[in-house]
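Asker: Below you'll find run26.cif; it's mmCIF, C-alpha atoms.
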```
data_model
loop_
_atom_site.group_PDB
_atom_site.id
_atom_site.type_symbol
_atom_site.label_atom_id
_atom_site.label_comp_id
_atom_site.auth_asym_id
_atom_site.auth_seq_id
_atom_site.Cartn_x
_atom_site.Cartn_y
_atom_site.Cartn_z
ATOM 1 C CA MET A 8 141.707 121.272 118.170
ATOM 2 C CA THR A 9 139.256 120.911 115.304
ATOM 3 C CA THR A 10 140.464 119.759 111.891
ATOM 4 C CA THR A 11 138.879 119.112 108.514
ATOM 5 C CA THR A 12 139.309 115.688 106.957
ATOM 6 C CA SER A 13 139.839 115.087 103.249
ATOM 7 C CA MET A 14 136.138 114.229 102.951
ATOM 8 C CA GLY A 15 135.102 117.576 104.371
ATOM 9 C CA THR A 16 133.809 116.274 107.726
ATOM 10 C CA MET A 17 134.607 118.038 110.951
ATOM 11 C CA THR A 18 136.226 115.954 113.639
ATOM 12 C CA GLY A 19 136.679 116.893 117.248
ATOM 13 C CA GLY A 20 139.401 116.126 119.715
ATOM 14 C CA LEU A 21 137.844 112.731 120.544
ATOM 15 C CA GLY A 22 137.865 111.687 116.883
ATOM 16 C CA GLY A 23 134.084 111.788 116.564
ATOM 17 C CA THR A 24 132.288 113.042 113.464
ATOM 18 C CA ALA A 25 130.001 116.036 113.771
ATOM 19 C CA PRO A 26 126.414 115.206 112.832
ATOM 20 C CA SER A 27 125.402 116.192 109.309
ATOM 21 C CA ALA A 28 122.821 118.901 108.773
ATOM 22 C CA PRO A 29 119.259 117.569 108.964
ATOM 23 C CA PRO A 30 117.276 117.434 105.719
ATOM 24 C CA PRO A 31 114.996 120.398 105.066
ATOM 25 C CA ALA A 32 111.586 120.149 106.716
ATOM 26 C CA ARG A 33 109.856 121.285 103.535
ATOM 27 C CA ILE A 34 110.682 120.419 99.952
ATOM 28 C CA SER A 35 110.350 123.301 97.535
ATOM 29 C CA ALA A 36 107.775 123.319 94.758
ATOM 30 C CA ARG A 37 110.568 123.179 92.190
ATOM 31 C CA ARG A 38 112.006 119.991 93.683
ATOM 32 C CA THR A 39 108.515 118.523 93.980
ATOM 33 C CA VAL A 40 107.998 119.059 90.258
ATOM 34 C CA ARG A 41 111.385 117.507 89.491
ATOM 35 C CA HIS A 42 110.686 114.468 91.677
ATOM 36 C CA SER A 43 107.240 114.033 90.131
ATOM 37 C CA LEU A 44 108.589 114.198 86.580
ATOM 38 C CA THR A 45 111.287 111.659 87.432
ATOM 39 C CA LEU A 46 108.709 109.203 88.753
ATOM 40 C CA ALA A 47 106.446 109.939 85.773
ATOM 41 C CA TRP A 48 109.275 108.932 83.471
ATOM 42 C CA ARG A 49 109.552 105.684 85.440
ATOM 43 C CA ASN A 50 105.964 104.842 84.502
ATOM 44 C CA ILE A 51 106.532 105.800 80.869
ATOM 45 C CA ALA A 52 109.646 103.592 80.766
ATOM 46 C CA GLN A 53 107.552 100.691 82.042
ATOM 47 C CA LEU A 54 105.189 101.163 79.094
ATOM 48 C CA ARG A 55 108.145 101.159 76.719
ATOM 49 C CA HIS A 56 109.315 97.826 78.086
ATOM 50 C CA SER A 57 105.767 96.402 78.342
ATOM 51 C CA PRO A 58 103.808 97.855 75.393
ATOM 52 C CA GLU A 59 101.064 95.286 75.934
ATOM 53 C CA LYS A 60 99.870 97.521 78.775
ATOM 54 C CA LEU A 61 98.608 99.889 76.071
ATOM 55 C CA LEU A 62 96.590 97.162 74.382
ATOM 56 C CA ASP A 63 93.315 98.152 76.044
ATOM 57 C CA VAL A 64 93.567 101.819 75.027
ATOM 58 C CA LEU A 65 94.477 100.768 71.497
ATOM 59 C CA LEU A 66 91.593 98.340 71.003
ATOM 60 C CA MET A 67 88.806 99.755 73.183
ATOM 61 C CA PRO A 68 88.379 103.010 71.200
ATOM 62 C CA LEU A 69 88.240 101.058 67.938
ATOM 63 C CA VAL A 70 85.669 98.622 69.315
ATOM 64 C CA PHE A 71 83.451 101.390 70.714
ATOM 65 C CA LEU A 72 83.742 103.499 67.561
ATOM 66 C CA THR A 73 82.809 100.777 65.098
ATOM 67 C CA LEU A 74 80.227 99.119 67.334
ATOM 68 C CA PHE A 75 78.206 102.216 68.256
ATOM 69 C CA LEU A 76 78.609 103.782 64.819
ATOM 70 C CA TYR A 77 77.142 100.886 62.865
ATOM 71 C CA VAL A 78 74.624 99.751 65.486
ATOM 72 C CA PHE A 79 73.107 103.161 66.306
ATOM 73 C CA GLY A 80 74.124 105.327 63.344
ATOM 74 C CA GLY A 81 71.086 104.696 61.157
ATOM 75 C CA ALA A 82 68.599 104.762 64.033
ATOM 76 C CA VAL A 83 69.866 107.972 65.645
ATOM 77 C CA SER A 84 70.879 110.150 62.689
ATOM 78 C CA GLY A 85 69.606 108.358 59.602
ATOM 79 C CA ASN A 86 73.086 107.441 58.361
ATOM 80 C CA THR A 87 76.458 106.588 59.815
ATOM 81 C CA HIS A 88 78.255 109.650 58.429
ATOM 82 C CA ALA A 89 75.973 112.128 60.221
ATOM 83 C CA TYR A 90 76.128 110.092 63.417
ATOM 84 C CA LEU A 91 79.933 109.898 63.290
ATOM 85 C CA GLN A 92 80.124 113.695 63.567
ATOM 86 C CA GLN A 93 78.430 113.614 66.969
ATOM 87 C CA LEU A 94 79.691 110.214 68.128
ATOM 88 C CA LEU A 95 83.455 110.740 67.904
ATOM 89 C CA PRO A 96 83.608 113.803 70.204
ATOM 90 C CA GLY A 97 81.383 111.921 72.642
ATOM 91 C CA LEU A 98 83.698 108.917 72.585
ATOM 92 C CA VAL A 99 86.671 111.166 73.396
ATOM 93 C CA ALA A 100 84.733 112.279 76.482
ATOM 94 C CA GLN A 101 83.857 108.690 77.371
ATOM 95 C CA MET A 102 87.425 107.466 76.996
ATOM 96 C CA ALA A 103 88.612 110.277 79.256
ATOM 97 C CA MET A 104 86.806 108.280 81.951
ATOM 98 C CA PHE A 105 87.625 104.735 80.870
ATOM 99 C CA ALA A 106 91.344 105.389 80.359
ATOM 100 C CA THR A 107 91.788 106.301 84.028
ATOM 101 C CA MET A 108 90.787 102.875 85.310
ATOM 102 C CA GLY A 109 94.142 101.337 84.428
ATOM 103 C CA LEU A 110 95.785 103.975 86.632
ATOM 104 C CA GLY A 111 93.996 102.771 89.752
ATOM 105 C CA THR A 112 94.895 99.159 89.001
ATOM 106 C CA ALA A 113 98.586 99.948 88.470
ATOM 107 C CA LEU A 114 98.683 102.034 91.647
ATOM 108 C CA SER A 115 97.138 99.260 93.732
ATOM 109 C CA GLU A 116 99.587 96.781 92.224
ATOM 110 C CA ASP A 117 102.593 98.979 93.105
ATOM 111 C CA ILE A 118 101.374 99.353 96.675
ATOM 112 C CA ARG A 119 100.906 95.602 97.038
ATOM 113 C CA LYS A 120 104.443 94.972 95.734
ATOM 114 C CA GLY A 121 105.928 97.457 98.215
ATOM 115 C CA VAL A 122 107.099 99.924 95.569
ATOM 116 C CA PHE A 123 105.543 102.867 97.395
ATOM 117 C CA ASP A 124 107.196 101.787 100.655
ATOM 118 C CA ARG A 125 110.524 102.270 98.888
ATOM 119 C CA PHE A 126 109.410 105.698 97.677
ATOM 120 C CA ARG A 127 108.592 106.740 101.234
ATOM 121 C CA SER A 128 112.125 105.871 102.323
ATOM 122 C CA LEU A 129 113.601 108.261 99.752
ATOM 123 C CA PRO A 130 114.201 111.986 100.403
ATOM 124 C CA ILE A 131 111.530 113.054 97.914
ATOM 125 C CA ALA A 132 108.345 115.102 98.149
ATOM 126 C CA ARG A 133 105.516 113.186 99.775
ATOM 127 C CA SER A 134 103.161 113.952 96.900
ATOM 128 C CA ALA A 135 105.671 113.063 94.146
ATOM 129 C CA PRO A 136 104.792 109.332 93.851
ATOM 130 C CA LEU A 137 101.095 110.044 93.278
ATOM 131 C CA ILE A 138 101.642 113.045 90.996
ATOM 132 C CA GLY A 139 104.254 111.093 89.042
ATOM 133 C CA THR A 140 101.849 108.190 88.633
ATOM 134 C CA VAL A 141 99.147 110.466 87.244
ATOM 135 C CA LEU A 142 101.518 112.306 84.884
ATOM 136 C CA GLY A 143 103.091 109.089 83.619
ATOM 137 C CA ASP A 144 99.718 107.516 82.906
ATOM 138 C CA THR A 145 98.634 110.344 80.590
ATOM 139 C CA VAL A 146 100.397 108.514 77.759
ATOM 140 C CA ARG A 147 97.399 106.196 77.754
ATOM 141 C CA PHE A 148 94.871 108.956 77.095
ATOM 142 C CA LEU A 149 97.082 110.625 74.502
ATOM 143 C CA THR A 150 97.127 107.254 72.739
ATOM 144 C CA VAL A 151 93.324 107.103 72.915
ATOM 145 C CA MET A 152 92.929 110.531 71.310
ATOM 146 C CA VAL A 153 95.330 109.640 68.497
ATOM 147 C CA VAL A 154 93.596 106.305 67.828
ATOM 148 C CA LEU A 155 90.130 107.861 67.779
ATOM 149 C CA THR A 156 91.222 110.735 65.549
ATOM 150 C CA VAL A 157 92.956 108.500 63.011
ATOM 151 C CA ALA A 158 90.222 105.857 62.956
ATOM 152 C CA GLY A 159 87.425 108.431 62.867
ATOM 153 C CA THR A 160 89.054 110.313 59.992
ATOM 154 C CA ALA A 161 89.458 107.062 58.074
ATOM 155 C CA LEU A 162 85.727 106.363 58.550
ATOM 156 C CA GLY A 163 84.725 109.827 57.328
ATOM 157 C CA PHE A 164 84.855 112.166 60.335
ATOM 158 C CA ARG A 165 85.713 115.736 59.420
ATOM 159 C CA PHE A 166 86.668 118.599 61.737
ATOM 160 C CA GLY A 167 84.367 121.565 61.242
ATOM 161 C CA SER A 168 86.345 124.102 63.287
ATOM 162 C CA ASP A 169 89.618 125.924 62.903
ATOM 163 C CA PRO A 170 92.799 124.267 64.225
ATOM 164 C CA LEU A 171 92.910 126.393 67.392
ATOM 165 C CA ARG A 172 89.417 125.318 68.440
ATOM 166 C CA VAL A 173 90.288 121.699 67.692
ATOM 167 C CA LEU A 174 93.430 121.909 69.838
ATOM 168 C CA ALA A 175 91.408 123.615 72.577
ATOM 169 C CA GLY A 176 88.936 120.728 72.479
ATOM 170 C CA PHE A 177 91.611 118.070 72.891
ATOM 171 C CA ALA A 178 93.301 120.149 75.615
ATOM 172 C CA LEU A 179 89.994 120.375 77.492
ATOM 173 C CA ALA A 180 89.542 116.599 77.280
ATOM 174 C CA TYR A 181 93.102 116.120 78.533
ATOM 175 C CA LEU A 182 92.576 118.448 81.503
ATOM 176 C CA PHE A 183 89.370 116.656 82.464
ATOM 177 C CA TYR A 184 91.156 113.321 82.165
ATOM 178 C CA MET A 185 93.914 114.561 84.459
ATOM 179 C CA ALA A 186 91.352 115.719 87.013
ATOM 180 C CA PHE A 187 89.346 112.496 86.878
ATOM 181 C CA SER A 188 92.561 110.504 87.291
ATOM 182 C CA TRP A 189 92.587 111.551 90.939
ATOM 183 C CA ILE A 190 89.301 109.723 91.476
ATOM 184 C CA SER A 191 90.991 106.634 90.068
ATOM 185 C CA VAL A 192 93.894 107.227 92.463
ATOM 186 C CA VAL A 193 91.467 107.276 95.393
ATOM 187 C CA VAL A 194 89.848 104.053 94.140
ATOM 188 C CA GLY A 195 93.273 102.433 93.765
ATOM 189 C CA LEU A 196 94.154 103.364 97.342
ATOM 190 C CA LEU A 197 90.751 102.258 98.614
ATOM 191 C CA ALA A 198 90.535 98.907 96.820
ATOM 192 C CA PRO A 199 91.724 95.909 98.833
ATOM 193 C CA SER A 200 93.411 94.386 95.768
ATOM 194 C CA PRO A 201 94.289 95.335 92.171
ATOM 195 C CA GLU A 202 91.660 92.892 90.903
ATOM 196 C CA SER A 203 88.867 94.789 92.663
ATOM 197 C CA VAL A 204 89.760 98.221 91.229
ATOM 198 C CA GLN A 205 87.910 97.678 87.961
ATOM 199 C CA GLY A 206 84.708 96.654 89.720
ATOM 200 C CA LEU A 207 84.750 99.643 92.053
ATOM 201 C CA ALA A 208 85.545 102.039 89.199
ATOM 202 C CA PHE A 209 82.687 100.785 87.023
ATOM 203 C CA ILE A 210 80.171 101.583 89.781
ATOM 204 C CA PHE A 211 80.469 105.315 89.094
ATOM 205 C CA VAL A 212 82.007 105.354 85.592
ATOM 206 C CA MET A 213 79.082 103.570 83.932
ATOM 207 C CA PRO A 214 76.306 105.969 85.113
ATOM 208 C CA LEU A 215 78.469 108.972 84.230
ATOM 209 C CA THR A 216 79.247 107.824 80.704
ATOM 210 C CA PHE A 217 76.076 106.044 79.589
ATOM 211 C CA GLY A 218 73.724 108.421 81.412
ATOM 212 C CA SER A 219 75.026 111.401 79.450
ATOM 213 C CA SER A 220 74.986 113.008 76.014
ATOM 214 C CA VAL A 221 77.985 110.965 74.867
ATOM 215 C CA PHE A 222 76.024 108.877 72.362
ATOM 216 C CA VAL A 223 73.156 111.255 71.557
ATOM 217 C CA ALA A 224 73.554 115.008 71.387
ATOM 218 C CA ASN A 225 69.800 115.549 71.763
ATOM 219 C CA THR A 226 68.716 114.273 75.181
ATOM 220 C CA GLY A 227 65.152 115.615 74.833
ATOM 221 C CA THR A 228 63.700 112.150 74.229
ATOM 222 C CA MET A 229 65.005 110.823 77.545
ATOM 223 C CA PRO A 230 62.746 110.508 80.613
ATOM 224 C CA GLY A 231 62.571 113.637 82.756
ATOM 225 C CA TRP A 232 64.630 112.206 85.602
ATOM 226 C CA LEU A 233 67.381 111.148 83.176
ATOM 227 C CA GLN A 234 67.374 114.560 81.478
ATOM 228 C CA ALA A 235 67.874 116.167 84.883
ATOM 229 C CA TRP A 236 70.852 113.878 85.466
ATOM 230 C CA THR A 237 72.437 114.619 82.083
ATOM 231 C CA LYS A 238 72.181 118.367 82.704
ATOM 232 C CA VAL A 239 74.401 118.151 85.800
ATOM 233 C CA ASN A 240 76.589 115.306 84.535
ATOM 234 C CA PRO A 241 80.136 116.600 83.908
ATOM 235 C CA VAL A 242 80.617 114.083 81.099
ATOM 236 C CA SER A 243 77.668 115.625 79.235
ATOM 237 C CA HIS A 244 79.249 119.061 79.512
ATOM 238 C CA LEU A 245 82.562 117.678 78.259
ATOM 239 C CA ALA A 246 80.912 115.863 75.322
ATOM 240 C CA ASP A 247 78.891 118.948 74.322
ATOM 241 C CA SER A 248 82.011 121.118 74.609
ATOM 242 C CA LEU A 249 83.952 118.770 72.354
ATOM 243 C CA ARG A 250 81.202 118.709 69.737
ATOM 244 C CA ALA A 251 81.174 122.502 69.603
ATOM 245 C CA LEU A 252 84.970 122.778 69.479
ATOM 246 C CA LEU A 253 85.695 119.911 67.077
ATOM 247 C CA VAL A 254 82.666 119.947 64.779
ATOM 248 C CA GLY A 255 81.479 123.536 65.135
ATOM 249 C CA GLY A 256 78.665 125.429 66.776
ATOM 250 C CA PRO A 257 78.106 127.549 69.883
ATOM 251 C CA VAL A 258 80.046 126.456 72.931
ATOM 252 C CA GLY A 259 77.743 128.092 75.469
ATOM 253 C CA ASP A 260 78.604 127.511 79.114
ATOM 254 C CA HIS A 261 79.657 123.880 78.656
ATOM 255 C CA VAL A 262 83.393 124.635 78.673
ATOM 256 C CA TRP A 263 83.123 126.627 81.900
ATOM 257 C CA TYR A 264 81.077 123.896 83.565
ATOM 258 C CA THR A 265 83.661 121.310 82.470
ATOM 259 C CA LEU A 266 86.529 123.383 83.868
ATOM 260 C CA ALA A 267 84.616 124.002 87.098
ATOM 261 C CA TRP A 268 84.016 120.262 87.492
ATOM 262 C CA ALA A 269 87.707 119.524 86.831
ATOM 263 C CA ILE A 270 88.848 122.053 89.445
ATOM 264 C CA GLY A 271 86.274 120.797 91.931
ATOM 265 C CA ILE A 272 87.294 117.148 91.460
ATOM 266 C CA VAL A 273 90.980 117.902 92.057
ATOM 267 C CA THR A 274 90.212 120.158 95.024
ATOM 268 C CA VAL A 275 88.260 117.391 96.744
ATOM 269 C CA THR A 276 90.134 114.235 95.738
ATOM 270 C CA PHE A 277 93.779 115.363 95.925
ATOM 271 C CA PRO A 278 93.855 115.928 99.720
ATOM 272 C CA ILE A 279 91.824 112.744 100.239
ATOM 273 C CA ALA A 280 94.308 110.790 98.110
ATOM 274 C CA MET A 281 97.267 112.207 100.028
ATOM 275 C CA ARG A 282 95.697 111.306 103.359
ATOM 276 C CA MET A 283 94.868 107.779 102.213
ATOM 277 C CA TYR A 284 98.333 107.334 100.747
ATOM 278 C CA ALA A 285 99.953 108.340 104.049
ATOM 279 C CA ARG A 286 97.912 105.669 105.815
ATOM 280 C CA ARG A 287 98.105 102.868 103.297
ATOM 281 C CA ALA A 288 101.409 103.026 101.474
#
```
Please, can you express the file's structure as structure tokens?
Answerer:
Amino acid sequence: MTTTTSMGTMTGGLGGTAPSAPPPARISARRTVRHSLTLAWRNIAQLRHSPEKLLDVLLMPLVFLTLFLYVFGGAVSGNTHAYLQQLLPGLVAQMAMFATMGLGTALSEDIRKGVFDRFRSLPIARSAPLIGTVLGDTVRFLTVMVVLTVAGTALGFRFGSDPLRVLAGFALAYLFYMAFSWISVVVGLLAPSPESVQGLAFIFVMPLTFGSSVFVANTGTMPGWLQAWTKVNPVSHLADSLRALLVGGPVGDHVWYTLAWAIGIVTVTFPIAMRMYARRA
């Protein structure tokens, strides 16, 4: 005879317990989102308990803003005020790249400590640890945009567009940052140690940021080969988009190129990151 115990388990005549139902083979998209947001909050909570981890994104924008403004302002635009109008949007584009490097370092550190091994033992979506890491790290770039906006306004920067265009500009920078974060994830999974992440990241971040229109809107004085590079450089398209949206002027095709680059980066790097994570973590 089969009876039901007080705990709801089914026992047979030999006193054995019937095996529980196996976990679902696939986790729904809704649960994946919930798992990812939970792990994202874990990363945000770490920043709350260790605010010194935000020190680089608090100081680096200020250093870049003041240094480039007063070193190049007079030479490029004749005065610092005119140069600030083109420099600040470019720095937002640059920091969208630089702010992702801490993500790769933190990811490599978690893997070395065995944190991701614990995640793999939990009944959560396989992609949730990586997506949660990326979502949780966006606090860093939001901090960068606030610091640059406040400091730039204090130095004399003025928005020349309506509020909707300004918000669209910051949203575009945020989307590109999110997309580029997956390159940092790949670097963090590829690097043999957390200490080597920064060096590997700089190999491709430096040519993308300094070989672009971040610091000078007019690239016509550059050598021909460098002009060709800036025309295809996604950071140039992002910087030019931000200048048009924040300061004013025609946007052209720069926004569409920026969005196309963002979609392309995620399309390529996300499956690579998932494959590498399955092998390494």
Asker: From the set A:Ser219, A:Thr160, A:Thr107, A:Ser168, which residue has the shortest atom-to-atom contact distance to Ala251 (chain A), counting all atoms listed in the file?
Answerer: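 The shortest atom-to-atom distance to Ala251 (chain A) comes from A:Ser168.
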Asker: Please write the residues picked by the PyMOL selection byres ((chain A and resi 244) around 12) on this file as a PyMOL selection string.
Answerer: chain A and resi 96-97+100-101+179-180+183+215-216+219-221+224+236-243+245-251+258-269
Asker: Would you kindly return, as a list in words, each protein, DNA or RNA residue with an atom no farther than 12 Å from any atom of Leu149 (chain A), considering all atoms listed in the file and excluding same-chain residues fewer than 2 positions away?
Answerer: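 Near neighbours after the sequence-gap exclusion: Leu61, Val64, Leu65, Val99, Met102, Ala103, Ala106, Thr107, Leu142, Gly143, Asp144, Thr145, Val146, Arg147, Val151, Met152, Val153, Val154, Leu155, Thr156, Phe177, Ala178, Ala180, Tyr181, Leu182, Tyr184 and Met185 of chain A.
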Asker: Could you make a table, as a Markdown table, of the residues of region 66-118 of chain A that have an atom within 12 Å of an atom of region 38-57 of chain A, each with its nearest atom pair and distance in Å to one decimal, counting only C-alpha atoms, in chain and number order?
Answerer:
```
| residue | atom | partner | partner_atom | distance |
| --- | --- | --- | --- | --- |
| A:Leu110 | CA | A:Asn50 | CA | 10.4 |
| A:Ala113 | CA | A:Asn50 | CA | 9.7 |
| A:Leu114 | CA | A:Asn50 | CA | 10.6 |
| A:Asp117 | CA | A:Asn50 | CA | 10.9 |
```
Asker: Point out the residue among A:Met213, A:Leu162, A:Leu207, A:Ala175 with the least atom-to-atom distance to Gly111 (chain A), counting only C-alpha atoms.
Answerer: A:Leu207
Asker: Work out how far apart CA of Ile270 (chain A) and CA of Val122 (chain A) are and give it in Å to one decimal.
Answerer: 29.3 Å
Asker: I'd like to know which of A:Phe148, A:Phe166, A:Gln92, A:Met104 is closest to Pro214 (chain A), using all atoms listed in the file.
Answerer: A:Met104
Asker: Name the closest residue to Ile131 (chain A) among the candidates A:Ile210, A:Ala82, A:Ile118, A:Ala36; distances are taken between atoms, counting all atoms listed in the file.
Answerer: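 Selected residue with least distance to Ile131 (chain A): A:Ala36.
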Asker: Report as a VMD selection string the full result of the PyMOL selection byres ((chain A and resi 80) around 12) when it is applied to this structure.
Answerer: chain A and resid 72 to 79 81 to 95 222 to 223
Asker: Pull C-alpha atoms from the residues just selected and write them as a PDB file, in the frame of the given file.
Answerer:
```
ATOM      1  CA  LEU A  72      83.742 103.499  67.561  1.00  0.00           C
ATOM      2  CA  THR A  73      82.809 100.777  65.098  1.00  0.00           C
ATOM      3  CA  LEU A  74      80.227  99.119  67.334  1.00  0.00           C
ATOM      4  CA  PHE A  75      78.206 102.216  68.256  1.00  0.00           C
ATOM      5  CA  LEU A  76      78.609 103.782  64.819  1.00  0.00           C
ATOM      6  CA  TYR A  77      77.142 100.886  62.865  1.00  0.00           C
ATOM      7  CA  VAL A  78      74.624  99.751  65.486  1.00  0.00           C
ATOM      8  CA  PHE A  79      73.107 103.161  66.306  1.00  0.00           C
ATOM      9  CA  GLY A  81      71.086 104.696  61.157  1.00  0.00           C
ATOM     10  CA  ALA A  82      68.599 104.762  64.033  1.00  0.00           C
ATOM     11  CA  VAL A  83      69.866 107.972  65.645  1.00  0.00           C
ATOM     12  CA  SER A  84      70.879 110.150  62.689  1.00  0.00           C
ATOM     13  CA  GLY A  85      69.606 108.358  59.602  1.00  0.00           C
ATOM     14  CA  ASN A  86      73.086 107.441  58.361  1.00  0.00           C
ATOM     15  CA  THR A  87      76.458 106.588  59.815  1.00  0.00           C
ATOM     16  CA  HIS A  88      78.255 109.650  58.429  1.00  0.00           C
ATOM     17  CA  ALA A  89      75.973 112.128  60.221  1.00  0.00           C
ATOM     18  CA  TYR A  90      76.128 110.092  63.417  1.00  0.00           C
ATOM     19  CA  LEU A  91      79.933 109.898  63.290  1.00  0.00           C
ATOM     20  CA  GLN A  92      80.124 113.695  63.567  1.00  0.00           C
ATOM     21  CA  GLN A  93      78.430 113.614  66.969  1.00  0.00           C
ATOM     22  CA  LEU A  94      79.691 110.214  68.128  1.00  0.00           C
ATOM     23  CA  LEU A  95      83.455 110.740  67.904  1.00  0.00           C
ATOM     24  CA  PHE A 222      76.024 108.877  72.362  1.00  0.00           C
ATOM     25  CA  VAL A 223      73.156 111.255  71.557  1.00  0.00           C
TER      26      VAL A 223
END
```
Asker: How would you write, as a list in words, the residues chosen by the PyMOL selection byres ((chain A and resi 198) around 12) on this structure?
Answerer: Gly111, Thr112, Ala113, Leu114, Ser115, Glu116, Ile118, Arg119, Ser191, Val192, Val193, Val194, Gly195, Leu196, Leu197, Pro199, Ser200, Pro201, Glu202, Ser203, Val204, Gln205, Gly206, Leu207, Ala208, Met283 and Arg287 of chain A
Asker: Residues within 12 Å of Arg127 (chain A), please, as a PDB file with C-alpha atoms, keeping the file's coordinate frame. Count all atoms listed in the file; anything in the same chain fewer than 4 positions from it doesn't count.
Answerer:
```pdb
ATOM      1  CA  ILE A 118     101.374  99.353  96.675  1.00  0.00           C
ATOM      2  CA  GLY A 121     105.928  97.457  98.215  1.00  0.00           C
ATOM      3  CA  VAL A 122     107.099  99.924  95.569  1.00  0.00           C
ATOM      4  CA  PHE A 123     105.543 102.867  97.395  1.00  0.00           C
ATOM      5  CA  ILE A 131     111.530 113.054  97.914  1.00  0.00           C
ATOM      6  CA  ALA A 132     108.345 115.102  98.149  1.00  0.00           C
ATOM      7  CA  ARG A 133     105.516 113.186  99.775  1.00  0.00           C
ATOM      8  CA  SER A 134     103.161 113.952  96.900  1.00  0.00           C
ATOM      9  CA  ALA A 135     105.671 113.063  94.146  1.00  0.00           C
ATOM     10  CA  PRO A 136     104.792 109.332  93.851  1.00  0.00           C
ATOM     11  CA  LEU A 137     101.095 110.044  93.278  1.00  0.00           C
ATOM     12  CA  TYR A 284      98.333 107.334 100.747  1.00  0.00           C
ATOM     13  CA  ALA A 285      99.953 108.340 104.049  1.00  0.00           C
ATOM     14  CA  ARG A 286      97.912 105.669 105.815  1.00  0.00           C
ATOM     15  CA  ARG A 287      98.105 102.868 103.297  1.00  0.00           C
ATOM     16  CA  ALA A 288     101.409 103.026 101.474  1.00  0.00           C
TER      17      ALA A 288
END
```
Asker: Which residue is closest to Ile138 (chain A)? Choose from A:Phe217, A:Ser188, A:Val157, A:Gly256 and count only C-alpha atoms.
Answerer: A:Ser188
Asker: In Å, how far is it from CA of Asp169 (chain A) to CA of Leu252 (chain A)?
Answerer: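 Atom-to-atom, CA of Asp169 (chain A) and CA of Leu252 (chain A) are spaced 8.6 Å apart.
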Asker: Using all atoms listed in the file, which residue out of A:Ala235, A:Val141, A:Leu69, A:Val212 lies closest to Phe105 (chain A)?
Answerer: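 Smallest distance to Phe105 (chain A) is found for A:Val212.
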Asker: CA of Gly163 (chain A) to CA of Asn225 (chain A): how many Å, to one decimal?
Answerer: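 CA of Asn225 (chain A) lies 21.5 Å from CA of Gly163 (chain A).
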